[in-house]
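Structure, as structure tokens:
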Amino acid sequence: MFLRNCWYVAALDQELIDGKLLSRRVLGEHLLIYKGESGRVVAMNDRCPHRGALLSRGRLEGDAVRCMYHGIKYDGSGKCVQIPGQDMIPPKLKVRTYPTEQRSHFIWVWMGDPAKADPALIVDLPYLNEPGWKGLPAYLHYDANYLLIVDNLSDFSHLAFVHTRTLGGSEEYAYVSKPTVIERLERGFRVERWHLNSDPPPFHKKVIPAADEAAKVDRRNIATMLIPGIFTMETLFAPAGSGAPQGNTGNARQYRNCQFMTPETERSTHFFWAYLNNYEGQDSTISISLLDSLIEGFMEDKAIIERQQQTLDEDPSFEKQMLAILADAPLAHFRRVLGKLIDAEQGSAAAAPAEPRLTTTAAG
Amino acid sequence: MFLRNCWYVAALDQELIDGKLLSRRVLGEHLLIYKGESGRVVAMNDRCPHRGALLSRGRLEGDAVRCMYHGIKYDGSGKCVQIPGQDMIPPKLKVRTYPTEQRSHFIWVWMGDPAKADPALIVDLPYLNEPGWKGLPAYLHYDANYLLIVDNLSDFSHLAFVHTRTLGGSEEYAYVSKPTVIERLERGFRVERWHLNSDPPPFHKKVIPAADEAAKVDRRNIATMLIPGIFTMETLFAPAGSGAPQGNTGNARQYRNCQFMTPETERSTHFFWAYLNNYEGQDSTISISLLDSLIEGFMEDKAIIERQQQTLDEDPSFEKQMLAILADAPLAHFRRVLGKLIDAEQGSAAAAPAEPRLTTTAAG
Amino acid sequence: MFLRNCWYVAALDQELIDGKLLSRRVLGEHLLIYKGESGRVVAMNDRCPHRGALLSRGRLEGDAVRCMYHGIKYDGSGKCVQIPGQDMIPPKLKVRTYPTEQRSHFIWVWMGDPAKADPALIVDLPYLNEPGWKGLPAYLHYDANYLLIVDNLSDFSHLAFVHTRTLGGSEEYAYVSKPTVIERLERGFRVERWHLNSDPPPFHKKVIPAADEAAKVDRRNIATMLIPGIFTMETLFAPAGSGAPQGNTGNARQYRNCQFMTPETERSTHFFWAYLNNYEGQDSTISISLLDSLIEGFMEDKAIIERQQQTLDEDPSFEKQMLAILADAPLAHFRRVLGKLIDAEQGSAAAAPAEPRLTTTAAG
């Protein structure tokens with residue numbers, strides 16, 4: 001069960017080069033996504049309503065697409081405009097389309113009621129359009145439910161154990177630093193965590209001058225997670241003791257991270273992200289190094305998360321048996337909020353109390 | 001649900017060389033098919049009734065087969081004739097056999113009530129035995145329900161889009177030619193379609209003299225489809241304007257095509273065919289070229305048809321939601337006729353006591 | 001449905017070298033098995049109760065294990081002893097452990113009520129600890145229910161057909177030799193079978209002096225099968241006519257074989273064994289040859305048994321339709337005894353009649 005009336009990232013614009021017909025499953029539905037000759041991005045059901053052939057194996061003609069089984073042609077609104085060998089076109093012969101919006105390199109799609117598809121509801125991430133922030137948008141596929149990735153991002157103590165040699169830096173992070181702020185938002189949460197006077201983690205060491213590698217840093221992460229699975233993080237590394245916690249961040253190297261978890265099915269996820277920095281020059285060397293480091297780190301997460309999915313596939317009852325620790329407060333809140341929104345959308349909010357996916361008593 | 005009281009092609013004789021024990025699933029049942037020492041073709045349940053070992057991994061002994069797990073031996077009628085180390089043979093220890101018939105290179109099997117297995121019901125295709133018609137019988141496996149292949153063969157406009165560069169020739173075919181006859185038969189349909197003054201399609205160009213390649217042709221296809229999934233087509237290419245539509249076919253190059261769709265399971269099909277020509281000489285060069293071309297074309301169909309099956313597996317409700325166009329009249333008729341026959345067979349089966357696969361209990 | 005209150009072999013000690021964290025599924029449950037710093041063998045649920053990460057991907061710390069997702073640590077009794085970043089440990093946060101025992105190279109685990117885990121119930125196989133008996137313990141995985149392997153071992157006539165060129169020797173074995181004793185035991189059966197004046201089988205020929213290969217032997221197998229799936233066999237090859245059946249076995253070459261079938265799931269099995277001989281010298285040449293021969297033979301069984309499993313997966317009703325022959329008396333008895341024990345354990349013995357998996361009346 002997914003929330004439908006919200007925007008999901010469905011593709012990167014680099015996937016729609018030169019009229020490519022992209023087949024992508026979102027919330028279990030097969031979509032054909034393409035940028036027509038006019039530049040308009042179209043998302044439609046990737047299934048010819050005649051005999052079910054994939055339209056993504058068809059042919060782009062202007063803003064329209066032709067099914068290459070029997071040659072039936074649909075325009076960008078999904079309306080049938082030609083049946084070879086037949087003059088009369090049955091009005092029922094049309095394909096469902098979905099509202100789309102492009103923001104920076106990301107293509108958003110609205111899977112719910114089209115009348116409610118307000119572009120103003122798309123999360124505003126201004127740094128994606130600011131020239132001072134540089135980075136390379138990217139994509140990974142997970143064989144796991146998107147909420148397991150949300151969970152992963154909700155507790156940064158995993159940096160210490162999963163990412164010790166990549167994004168984390170040391171196990172110390174889990175023992176000496178704690179969230180200083182955990183804020184419950186109406187549609188998510190916000191967590192702030194400082195790690196003072198620490199060694200820079202490996203991914204950061206790789207991109208700073210060799211002379212700075214040994215210097216201690218004050219490290220700060222401010223993360224937010226928003227419905228349906230939108231994660232952003234503002235990271236800075238300031239010279240230790242330079243007063244960053246008090247707002248003196250002029251000397252800091254900073255990152256802006258946004259990650260979008262879009263359900264492919266109940267058991268798989270499209271994972272889009274961009275990791276931006278504010279200090280590299282004109283070439284992309286640092287961006288490429290950061291892309292490599294992030295992929296390296298995400299692979300560490302992916303091994304754990306996909307195994308979690310297998311565990312839950314084998315024993316679905318375990319989902320309600322998981323035992324929470326204090327650090328799970330944000331993820332429990334997020335699942336509760338999401339559960340209520342889905343219930344409300346399904347029209348069952350009045351009939352039954354919201355049932356968050358994690359019902360165990362949190363240890364806190 | 002399959003029609004059982006009818007003949008299906010189950011094998012090619014080239015699959016039964018030198019006493020090979022062929023394991024083949026037909027209508028969901030595992031069959032062992034072999035040609036015994038006497039030349040008799042035997043089809044029996046490919047499962048030793050003792051402990052279920054595959055008889056196709058056994059050993060042919062004359063017309064009998066020995067299970068190579070504990071050595072139990074069954075004759076060509078399925079009767080147990082030896083149990084090593086045991087003198088008494090329980091009468092219940094026998095394997096179900098199925099009536100078989102060979103016609104030309106094709107082995108037919110009757111999966112229903114053996115008492116009704118009348119060899120005269122096998123479709124008569126005289127050209128398969130006439131020396132003037134040459135060709136090579138062949139086999140392909142489809143991961144799709146056989147009726148999706150029947151559908152494919154019911155509307156030749158797909159030649160224009162799926163097979164443009166192989167069996168079809170041009171997209172024009174779908175626009176300028178239409179069936180001139182669509183005949184509903186008691187057990188199928190018959191469709192005749194002419195494409196006058198057209199370029200020869202690639203598969204035909206490959207086998208005619210270079211001097212003829214540029215000449216326009218009048219192309220005619222007469223196709224029939226019969227229960228349970230027997231397709232035949234008479235194709236001719238006559239010099240354009242030479243009067244072929246009026247019956248002057250003396251100058252035509254002609255083909256006879258027969259294709260047999262036999263359900264392996266609800267989701268997979270054995271596809272046998274022969275594509276014969278009436279003009280090649282003593283060697284098989286043209287037959288081999290035509291075999292290659294047909295395989296090339298069938299692979300184009302297979303990609304579409306197997307994806308249709310996946311679509312239906314994911315969303316079975318789509319089968320009843322498909323929107324027909326005019327060209328679907330033959331396939332709709334075929335499915336209606338087949339459905340009635342299956343219903344009638346199931347109705348009479350329900351009236352008579354069902355015949356379970358093995359009702360026996362113990363070996364006395 | 002498995003019998004839980006009994007000992008199963010779960011691992012070989014060579015699998016637990018240097019603190020290796022072995023992940024192994026037993027009776028459908030994922031276990032982490034390891035030998036801690038103290039030498040104690042621990043078996044616990046291989047699932048962190050916090051978020052389900054595999055503990056077998058964690059880190060051994062003394063006798064404890066740390067989950068490497070969020071760093072939670074559990075001692076050898078499954079008790080949580082540390083949560084990084086959190087002082088209070090919820091008492092519910094613990095992992096289920098299982099009693100273990102080591103005997104010779106085999107690690108036994110008790111999957112039922114720990115209070116009933118009496119080490120005295122482990123089958124006593126003294127030759128495993130006697131220096132005169134040499135051999136190499138080994139492991140194979142079967143994609144089949146363990147009872148199909150029990151069945152296989154219950155009727156030695158399969159040696160004649162399945163293992164003709166490996167462990168068997170000739171088809172004659174099935175015709176001229178029969179069990180001389182079939183003894184029904186309270187928890188299994190015992191079968192004795194002689195094959196007098198016969199050629200030595202290939203596996204034995206390989207390890208005896210070339211001069212002895214042509215000499216006829218009197219071959220004896222005494223096999224026992226015990227709940228839940230413990231097979232032992234005492235084999236001897238004596239010079240033909242030297243009086244072995246009368247007890248004169250001084251000149252015999254002897255083997256002791258023990259095999260342990262442990263359910264991984266309903267459809268897969270861990271298969272452990274040791275095949276010992278009483279005549280090799282100080283090196284392991286003969287043991288290695290015998291190991292190779294046994295694997296070669298087991299692979300022949302495995303092909304049949306795994307296909308049986310597929311047959312039963314496709315048609316579960318076949319399990320009750322199998323037709324027994326005389327030689328199936330031991331396997332029918334074993335399944336009956338096991339069925340009664342499982343029913344009793346499930347507490348349903350009074351409520352419903354025992355339902356052995358094979359209900360047919362054995363022919364014997």
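If you're wondering about the labels, chains in the structure tokens are A, B, ... by order shown, residues count from 1 in each chain, ligands from 1 in order shown.
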For C:Asn248: contacts at 12 Å, only C-alpha atoms, fewer than 6 positions along chain excluded, given as a PyMOL selection string: chain C and resi 218+236-242
Hand me chain B as it sits after a least-squares fit onto chain A over every Cα, paired in order, written as a compact mmCIF listing (two decimals) with C-alpha atoms, in the first residue's frame.
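Generated output (out18.txt):
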# COMPACT_ATOMS: atom_id res chain seq x y z
CA MET B 1 1.07 -0.17 2.28
CA PHE B 2 2.43 3.13 1.02
CA LEU B 3 1.52 6.77 1.40
CA ARG B 4 0.12 7.71 -2.00
CA ASN B 5 -0.78 11.39 -1.75
CA CYS B 6 2.75 12.74 -1.81
CA TRP B 7 5.52 13.36 -4.32
CA TYR B 8 8.16 10.72 -4.97
CA VAL B 9 11.29 11.03 -7.07
CA ALA B 10 10.77 8.55 -9.91
CA ALA B 11 13.65 9.24 -12.28
CA LEU B 12 16.65 11.38 -13.10
CA ASP B 13 16.45 13.52 -16.22
CA GLN B 14 19.56 11.77 -17.56
CA GLU B 15 17.41 8.63 -17.78
CA LEU B 16 15.04 10.29 -20.25
CA ILE B 17 17.49 11.32 -22.95
CA ASP B 18 16.25 11.46 -26.55
CA GLY B 19 12.79 10.12 -25.96
CA LYS B 20 13.86 6.98 -24.12
CA LEU B 21 10.88 5.00 -22.82
CA LEU B 22 11.80 4.25 -19.22
CA SER B 23 10.02 1.40 -17.46
CA ARG B 24 10.06 1.93 -13.71
CA ARG B 25 8.04 0.40 -10.94
CA VAL B 26 6.88 2.81 -8.24
CA LEU B 27 4.79 1.75 -5.22
CA GLY B 28 4.41 -1.60 -6.94
CA GLU B 29 2.95 -0.10 -10.15
CA HIS B 30 4.71 -0.34 -13.46
CA LEU B 31 5.14 3.10 -14.95
CA LEU B 32 6.27 4.21 -18.35
CA ILE B 33 8.09 7.53 -18.00
CA TYR B 34 9.26 9.61 -20.93
CA LYS B 35 9.92 13.13 -22.09
CA GLY B 36 7.85 13.78 -25.22
CA GLU B 37 8.83 15.87 -28.19
CA SER B 38 7.30 18.94 -26.53
CA GLY B 39 9.51 18.46 -23.48
CA ARG B 40 6.61 17.40 -21.30
CA VAL B 41 7.36 14.52 -18.93
CA VAL B 42 4.68 11.82 -19.06
CA ALA B 43 4.18 9.03 -16.53
CA MET B 44 1.57 6.41 -17.39
CA ASN B 45 0.71 2.84 -16.52
CA ASP B 46 3.21 0.70 -18.46
CA ARG B 47 0.57 -1.71 -19.68
CA CYS B 48 -1.49 -1.56 -22.81
CA PRO B 49 -5.09 -2.00 -21.63
CA HIS B 50 -5.81 -4.10 -24.72
CA ARG B 51 -3.67 -7.20 -24.09
CA GLY B 52 -1.17 -6.02 -21.49
CA ALA B 53 1.93 -5.54 -23.64
CA LEU B 54 4.51 -3.18 -22.14
CA LEU B 55 4.15 0.32 -23.55
CA SER B 56 7.81 0.90 -22.67
CA ARG B 57 8.62 -1.52 -25.49
CA GLY B 58 6.51 0.60 -27.79
CA ARG B 59 7.46 3.59 -29.94
CA LEU B 60 7.45 7.27 -29.07
CA GLU B 61 5.55 9.35 -31.65
CA GLY B 62 5.72 13.03 -30.69
CA ASP B 63 4.24 13.19 -27.20
CA ALA B 64 2.32 9.94 -27.80
CA VAL B 65 3.32 6.31 -27.53
CA ARG B 66 2.33 3.40 -29.77
CA CYS B 67 2.06 -0.16 -28.43
CA MET B 68 4.09 -2.35 -30.76
CA TYR B 69 1.96 -5.48 -30.31
CA HIS B 70 -1.14 -4.48 -32.32
CA GLY B 71 -0.22 -0.87 -33.00
CA ILE B 72 -2.66 0.93 -30.68
CA LYS B 73 -1.57 4.52 -30.00
CA TYR B 74 -2.09 6.63 -26.84
CA ASP B 75 -1.45 10.34 -26.41
CA GLY B 76 0.36 11.90 -23.46
CA SER B 77 -2.87 12.04 -21.45
CA GLY B 78 -3.33 8.28 -21.88
CA LYS B 79 -6.19 8.65 -24.37
CA CYS B 80 -6.32 6.13 -27.22
CA VAL B 81 -5.97 7.98 -30.51
CA GLN B 82 -5.59 5.15 -33.05
CA ILE B 83 -6.43 1.46 -33.52
CA PRO B 84 -5.01 0.18 -36.82
CA GLY B 85 -7.78 -1.45 -38.86
CA GLN B 86 -10.59 -0.10 -36.67
CA ASP B 87 -12.26 3.29 -37.00
CA MET B 88 -14.28 3.46 -33.83
CA ILE B 89 -12.22 4.00 -30.67
CA PRO B 90 -13.91 2.79 -27.47
CA PRO B 91 -13.81 5.64 -24.93
CA LYS B 92 -12.83 3.20 -22.20
CA LEU B 93 -9.61 2.36 -24.00
CA LYS B 94 -7.23 4.63 -22.11
CA VAL B 95 -4.20 4.40 -19.91
CA ARG B 96 -3.94 5.87 -16.43
CA THR B 97 -1.46 8.75 -16.21
CA TYR B 98 0.19 10.35 -13.18
CA PRO B 99 1.09 13.99 -12.47
CA THR B 100 4.79 14.73 -12.87
CA GLU B 101 7.08 17.62 -12.06
CA GLN B 102 10.73 18.23 -12.79
CA ARG B 103 12.96 20.04 -10.25
CA SER B 104 16.62 20.33 -11.18
CA HIS B 105 17.66 16.86 -12.37
CA PHE B 106 14.91 15.02 -10.49
CA ILE B 107 11.57 13.89 -11.93
CA TRP B 108 8.83 13.73 -9.30
CA VAL B 109 5.61 11.76 -9.65
CA TRP B 110 2.36 11.85 -7.67
CA MET B 111 0.92 8.36 -7.20
CA GLY B 112 -2.28 9.36 -5.36
CA ASP B 113 -5.36 11.39 -6.18
CA PRO B 114 -4.36 13.67 -9.10
CA ALA B 115 -6.64 16.42 -7.79
CA LYS B 116 -4.41 16.75 -4.75
CA ALA B 117 -1.14 16.92 -6.69
CA ASP B 118 0.03 20.36 -5.65
CA PRO B 119 3.56 21.09 -7.00
CA ALA B 120 4.12 23.41 -4.04
CA LEU B 121 4.30 20.31 -1.85
CA ILE B 122 7.59 19.29 -3.44
CA VAL B 123 10.42 19.85 -0.98
CA ASP B 124 12.38 22.98 -1.81
CA LEU B 125 16.13 22.39 -2.02
CA PRO B 126 17.49 25.66 -3.40
CA TYR B 127 21.15 24.54 -3.54
CA LEU B 128 20.20 22.11 -6.33
CA ASN B 129 19.80 25.15 -8.57
CA GLU B 130 22.59 27.36 -7.23
CA PRO B 131 25.78 27.49 -9.32
CA GLY B 132 27.98 27.53 -6.23
CA TRP B 133 26.95 24.00 -5.37
CA LYS B 134 28.32 21.27 -7.62
CA GLY B 135 27.70 17.56 -7.81
CA LEU B 136 26.43 14.65 -9.89
CA PRO B 137 22.98 13.17 -9.35
CA ALA B 138 22.95 9.36 -9.20
CA TYR B 139 20.87 6.25 -8.67
CA LEU B 140 21.15 2.93 -6.85
CA HIS B 141 18.72 0.07 -6.50
CA TYR B 142 18.18 -1.65 -3.14
CA ASP B 143 16.60 -5.05 -2.63
CA ALA B 144 15.05 -3.85 0.60
CA ASN B 145 12.07 -1.93 1.90
CA TYR B 146 12.72 1.83 1.80
CA LEU B 147 12.12 2.21 5.54
CA LEU B 148 15.20 0.10 6.27
CA ILE B 149 17.20 2.77 4.44
CA VAL B 150 15.41 5.48 6.40
CA ASP B 151 16.37 3.62 9.59
CA ASN B 152 19.97 3.47 8.50
CA LEU B 153 20.08 7.22 7.98
CA SER B 154 18.45 7.89 11.33
CA ASP B 155 21.38 6.92 13.51
CA PHE B 156 24.80 8.23 12.57
CA SER B 157 26.65 6.00 15.02
CA HIS B 158 26.67 3.47 12.17
CA LEU B 159 29.20 5.73 10.42
CA ALA B 160 31.72 4.59 13.02
CA PHE B 161 31.34 0.86 12.38
CA VAL B 162 29.97 0.44 8.85
CA HIS B 163 31.89 3.25 7.19
CA THR B 164 35.10 3.39 9.24
CA ARG B 165 37.31 3.41 6.18
CA THR B 166 35.04 5.37 3.81
CA LEU B 167 32.51 7.94 5.01
CA GLY B 168 33.01 7.54 8.75
CA GLY B 169 36.63 7.81 9.70
CA SER B 170 36.97 6.16 13.11
CA GLU B 171 35.03 4.19 15.68
CA GLU B 172 35.64 7.08 18.07
CA TYR B 173 32.77 8.90 16.37
CA ALA B 174 30.29 6.58 18.05
CA TYR B 175 31.77 7.04 21.50
CA VAL B 176 32.72 10.70 21.80
CA SER B 177 30.09 12.44 19.70
CA LYS B 178 26.36 12.47 20.29
CA PRO B 179 23.46 14.30 18.71
CA THR B 180 23.22 17.74 20.24
CA VAL B 181 19.75 18.29 18.86
CA ILE B 182 17.04 15.75 18.08
CA GLU B 183 14.00 17.61 16.89
CA ARG B 184 10.72 15.91 16.18
CA LEU B 185 9.04 17.50 13.17
CA GLU B 186 5.45 17.17 12.07
CA ARG B 187 6.57 15.13 9.05
CA GLY B 188 9.95 13.81 10.16
CA PHE B 189 12.89 14.75 12.31
CA ARG B 190 16.03 16.87 12.46
CA VAL B 191 19.30 15.77 14.07
CA GLU B 192 22.45 17.82 14.64
CA ARG B 193 25.74 16.18 15.59
CA TRP B 194 29.22 17.64 16.11
CA HIS B 195 32.52 15.79 16.24
CA LEU B 196 35.14 18.27 17.42
CA ASN B 197 38.87 18.10 16.93
CA SER B 198 38.74 14.92 14.87
CA ASP B 199 40.61 13.47 11.92
CA PRO B 200 38.95 14.09 8.55
CA PRO B 201 37.24 10.95 7.25
CA PRO B 202 38.70 9.17 4.19
CA PHE B 203 36.16 10.46 1.65
CA HIS B 204 36.98 14.03 2.64
CA LYS B 205 40.73 13.47 2.79
CA LYS B 206 40.66 12.35 -0.82
CA VAL B 207 39.41 15.71 -2.10
CA ILE B 208 41.30 18.22 0.03
CA PRO B 209 44.89 19.38 -0.51
CA ALA B 210 47.51 16.97 0.81
CA ALA B 211 48.76 19.68 3.14
CA ASP B 212 45.40 19.72 4.98
CA GLU B 213 45.04 15.99 5.48
CA ALA B 214 46.76 15.83 8.84
CA ALA B 215 44.93 18.83 10.31
CA LYS B 216 42.18 18.20 12.83
CA VAL B 217 38.69 19.37 11.95
CA ASP B 218 35.43 20.23 13.64
CA ARG B 219 32.83 18.16 11.80
CA ARG B 220 29.15 18.91 11.83
CA ASN B 221 26.21 17.04 10.33
CA ILE B 222 22.71 18.46 10.33
CA ALA B 223 20.32 15.88 8.95
CA THR B 224 16.62 16.01 8.28
CA MET B 225 14.32 13.22 7.24
CA LEU B 226 10.90 14.02 5.81
CA ILE B 227 7.88 12.00 4.70
CA PRO B 228 7.83 9.84 2.61
CA GLY B 229 11.62 9.24 2.57
CA ILE B 230 13.47 12.44 1.84
CA PHE B 231 16.81 12.86 3.54
CA THR B 232 18.95 15.97 3.48
CA MET B 233 22.20 16.67 5.27
CA GLU B 234 24.31 19.75 5.66
CA THR B 235 27.88 18.80 6.45
CA LEU B 236 30.80 21.04 7.20
CA PHE B 237 34.43 20.51 8.06
CA ALA B 238 36.02 23.53 9.71
CA PRO B 239 39.58 23.85 11.04
CA ALA B 240 39.48 22.53 14.60
CA GLY B 241 39.02 25.33 17.10
CA SER B 242 38.19 27.95 14.48
CA GLY B 243 34.85 28.61 16.14
CA ALA B 244 32.53 26.73 13.82
CA PRO B 245 30.14 25.72 16.62
CA GLN B 246 29.81 29.44 17.41
CA GLY B 247 28.89 30.18 13.80
CA ASN B 248 32.28 31.05 12.36
CA THR B 249 32.12 28.85 9.27
CA GLY B 250 33.87 31.06 6.73
CA ASN B 251 36.81 28.63 6.47
CA ALA B 252 34.70 25.50 6.32
CA ARG B 253 34.43 23.14 3.39
CA GLN B 254 30.76 22.31 3.08
CA TYR B 255 28.55 19.63 1.55
CA ARG B 256 24.85 19.42 0.80
CA ASN B 257 23.46 15.93 0.50
CA CYS B 258 19.94 14.96 -0.56
CA GLN B 259 18.73 11.39 -0.84
CA PHE B 260 15.33 10.20 -1.99
CA MET B 261 14.02 6.75 -1.09
CA THR B 262 11.19 5.74 -3.40
CA PRO B 263 9.51 2.36 -2.91
CA GLU B 264 9.70 0.15 -5.97
CA THR B 265 7.82 -2.62 -4.17
CA GLU B 266 7.42 -3.58 -0.52
CA ARG B 267 10.82 -5.25 -0.82
CA SER B 268 12.81 -2.97 -3.08
CA THR B 269 13.70 0.69 -3.37
CA HIS B 270 14.84 3.28 -5.86
CA PHE B 271 17.53 5.38 -4.23
CA PHE B 272 18.36 8.73 -5.83
CA TRP B 273 20.82 11.22 -4.50
CA ALA B 274 23.04 14.20 -5.12
CA TYR B 275 26.06 15.08 -2.99
CA LEU B 276 27.11 18.66 -3.58
CA ASN B 277 30.16 20.63 -2.52
CA ASN B 278 30.75 24.37 -2.39
CA TYR B 279 34.44 24.55 -3.17
CA GLU B 280 35.42 22.81 -6.38
CA GLY B 281 36.44 24.68 -9.49
CA GLN B 282 35.25 24.34 -13.05
CA ASP B 283 35.96 20.70 -13.74
CA SER B 284 34.14 17.84 -11.99
CA THR B 285 37.11 16.03 -10.48
CA ILE B 286 36.02 16.54 -6.90
CA SER B 287 32.38 15.72 -7.72
CA ILE B 288 33.46 12.49 -9.34
CA SER B 289 35.61 11.53 -6.37
CA LEU B 290 32.70 12.25 -4.03
CA LEU B 291 30.36 10.23 -6.23
CA ASP B 292 32.75 7.28 -6.04
CA SER B 293 33.11 7.63 -2.28
CA LEU B 294 29.38 7.81 -1.74
CA ILE B 295 28.80 4.72 -3.85
CA GLU B 296 31.52 2.93 -1.90
CA GLY B 297 29.83 3.88 1.35
CA PHE B 298 26.32 3.08 0.16
CA MET B 299 27.51 -0.38 -0.86
CA GLU B 300 28.53 -0.95 2.74
CA ASP B 301 25.04 0.04 3.87
CA LYS B 302 23.40 -1.97 1.11
CA ALA B 303 25.03 -5.23 2.22
CA ILE B 304 23.60 -4.78 5.72
CA ILE B 305 20.22 -3.43 4.70
CA GLU B 306 19.51 -6.06 2.06
CA ARG B 307 20.43 -8.78 4.55
CA GLN B 308 18.03 -7.18 7.04
CA GLN B 309 15.33 -7.52 4.40
CA GLN B 310 16.10 -11.21 3.96
CA THR B 311 15.95 -11.68 7.72
CA LEU B 312 12.54 -10.01 7.81
CA ASP B 313 11.34 -12.02 4.82
CA GLU B 314 12.24 -15.20 6.64
CA ASP B 315 10.79 -14.08 9.95
CA PRO B 316 8.37 -11.16 9.60
CA SER B 317 7.59 -11.33 13.31
CA PHE B 318 11.07 -9.96 14.01
CA GLU B 319 10.00 -6.49 12.88
CA LYS B 320 7.97 -6.07 16.05
CA GLN B 321 10.58 -7.77 18.23
CA MET B 322 13.50 -5.44 17.49
CA LEU B 323 14.84 -3.89 20.68
CA ALA B 324 15.37 -0.14 20.52
CA ILE B 325 18.31 1.74 21.98
CA LEU B 326 18.33 5.44 22.78
CA ALA B 327 19.62 6.34 19.34
CA ASP B 328 16.47 4.88 17.77
CA ALA B 329 14.25 7.72 18.96
CA PRO B 330 14.26 9.50 15.56
CA LEU B 331 13.45 6.40 13.54
CA ALA B 332 10.69 5.40 15.94
CA HIS B 333 9.18 8.89 15.63
CA PHE B 334 9.39 8.78 11.84
CA ARG B 335 7.67 5.42 11.58
CA ARG B 336 4.97 6.59 13.97
CA VAL B 337 4.27 9.72 11.94
CA LEU B 338 4.27 7.85 8.66
CA GLY B 339 2.00 5.15 10.04
CA LYS B 340 -0.54 7.75 11.12
CA LEU B 341 -0.51 9.44 7.73
CA ILE B 342 -1.00 6.14 5.92
CA ASP B 343 -3.82 5.17 8.28
CA ALA B 344 -5.50 8.52 7.71
CA GLU B 345 -5.17 8.19 3.96
CA GLN B 346 -6.53 4.64 3.98
CA GLY B 347 -9.35 5.74 6.29
CA SER B 348 -10.45 8.50 3.97
CA ALA B 349 -10.01 6.21 0.98
CA ALA B 350 -12.32 3.72 2.66
CA ALA B 351 -14.81 6.48 3.35
CA ALA B 352 -14.77 7.62 -0.25
CA PRO B 353 -15.39 4.91 -2.84
CA ALA B 354 -12.16 3.11 -3.63
CA GLU B 355 -10.60 3.71 -6.99
CA PRO B 356 -9.87 0.34 -8.56
CA ARG B 357 -7.10 0.21 -11.12
CA LEU B 358 -9.42 -0.58 -14.00
CA THR B 359 -13.05 -1.28 -13.42
CA THR B 360 -14.17 -1.31 -17.00
CA THR B 361 -15.33 -4.50 -18.60
CA ALA B 362 -15.75 -4.52 -22.30
CA ALA B 363 -14.72 -2.47 -25.24
CA GLY B 364 -18.24 -1.92 -26.54
Enumerate, as a PyMOL selection string, the complete set of residues in stretch 94-165 of chain A that a backbone-based DSSP assignment places in helix (DSSP H, G or I). chain A and resi 114-116+119-121+126-129+146-154+158-162+164-165
Give me every strand (DSSP E or B) residue in stretch 78-222 of chain A, going by DSSP on the backbone, as a ChimeraX atom specification. /A:79-83,86,94,97-98,100-103,106-110,134,138-142,179-185,188-198,217-222
